[in-house]
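Participant: After the structure tokens below, expect a handful of questions from me.
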Amino acid sequence: MPQQGTDVIAAYETAIWRQGWYFGLGFKDGYVFGKTLGYEPVLKEWNLIKRTNTTPPLPAPLDPNEFVDFQQVRNEYGQPIIGSAVGQATATSPENHLYQLFRGMYPNCLRTWTRYNGLSMWDMDLDDIRPGTPGQQNVDNGLGYLDGNVSPFNNPSLTSELIVPYNLGFTMAALNDSPWQQTGKVKFAGVRHLIYIFKANVEEDMQTVGQILDGKKAVTLNWLGPVDQGVPYAANRESWQNAATVKLTPADMARMSVRRVA
């Protein structure tokens, strides 16, 4: 796989998980632990596609203060732009992949909301978002957004990090917060990790999880969804079945060696 230091990920080196690192993904049911085996850079652009009656649907400017409801991140031909991270997983999907993405917005006035597919769950911690909604009934009040002032298109902010396991996927909504027509775009920069998930029915895996919990192995922890809710865990592929899920208490957190990334 490509090594660190490529142009795509140069700005995110301090935040990207390294090969051989241990990680924990926080679901509503508990943390699932795994190990990174390698990665490759990802750089994709999404032109906001208004669902017109054209075939295929084409990008179109947003009218002033126009809100576009949640839609899968696909190109103008209806194809997912982040591989199996978007849409339904299939029998041939690389279920041992996980995306670590950073998102930039264009223009600056573009506001975007993100949630995991099929859930009214938002991806970012509450201290990472700007309060406000487009004021429409299909967007819950009190949930925040990213815009180009926080995360510019050509320099996505570390604040915009999005962790996407293969079996979640994500959708986005957008608002043109200006009095003029605007063509909205989002840039995704980051990596696709090859991962291994530790299994509850494999003795060696549980020994490693025990070492992580005892602070003998450093780990990065990422809670998925809002800090006060969480995303339900679903394992519909072999590599995620029988995963060891652990409810972490404050005492567990204090005992663990949690690796901090920028």
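Here's how to read the names in the structure tokens: chain A, B, ... by the order shown, residue numbers from 1 in each chain, ligand numbers from 1 in the order shown.
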Considering only C-alpha atoms, return as a list of chain:residue names whatever protein or nucleic-acid residues lie within 7 Å of Ser160 in chain A, sequence-local ones (same chain, fewer than 6 positions apart) excluded.

Facilitator: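 Result of the neighbour search: A:Phe102, A:Arg103, A:Ser151.
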
Participant: Of the candidates A:Trp113, A:Trp21, A:Phe33, A:Phe170, which one gets nearest to Tyr145 in chain A if we count only C-alpha atoms?

Facilitator: A:Trp113

Participant: Can you measure CA of Ala243 in chain A to CA of Thr14 in chain A for me? One decimal in Å is fine.

Facilitator: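 Here the two named atoms are 28.2 Å from each other.
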
Participant: Of the residues A:Gly225, A:Pro107, A:Gly20, A:Pro152, which is the one nearest to Gly34 in chain A, using only C-alpha atoms?

Facilitator: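 Smallest distance to Gly34 in chain A is found for A:Gly20.
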
Participant: What's the 9 Å shell around Thr245 in chain A, counting only C-alpha atoms, without same-chain residues fewer than 4 positions away, as a PyMOL selection string?

Facilitator: chain A and resi 27+29-33+199-200

Participant: As a ChimeraX atom specification, which residues of range 129-248 of chain A does DSSP assign to alpha helix (DSSP H)?

Facilitator: /A:203-213

Participant: At what distance in Å, to one decimal, does CA of Met206 in chain A lie from CA of Arg18 in chain A?

Facilitator: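 Rounded to one decimal, the two atoms are 21.9 Å apart.
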
Participant: Could you check which of A:Gly169, A:Leu98, A:Pro179, A:Ala174 is closest to Leu110 in chain A, using only C-alpha atoms?

Facilitator: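 The shortest atom-to-atom distance to Leu110 in chain A comes from A:Ala174.
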
Participant: Quick one: pull the distance between CA of Leu175 in chain A and CA of Trp46 in chain A, Å, one decimal.

Facilitator: 14.8 Å
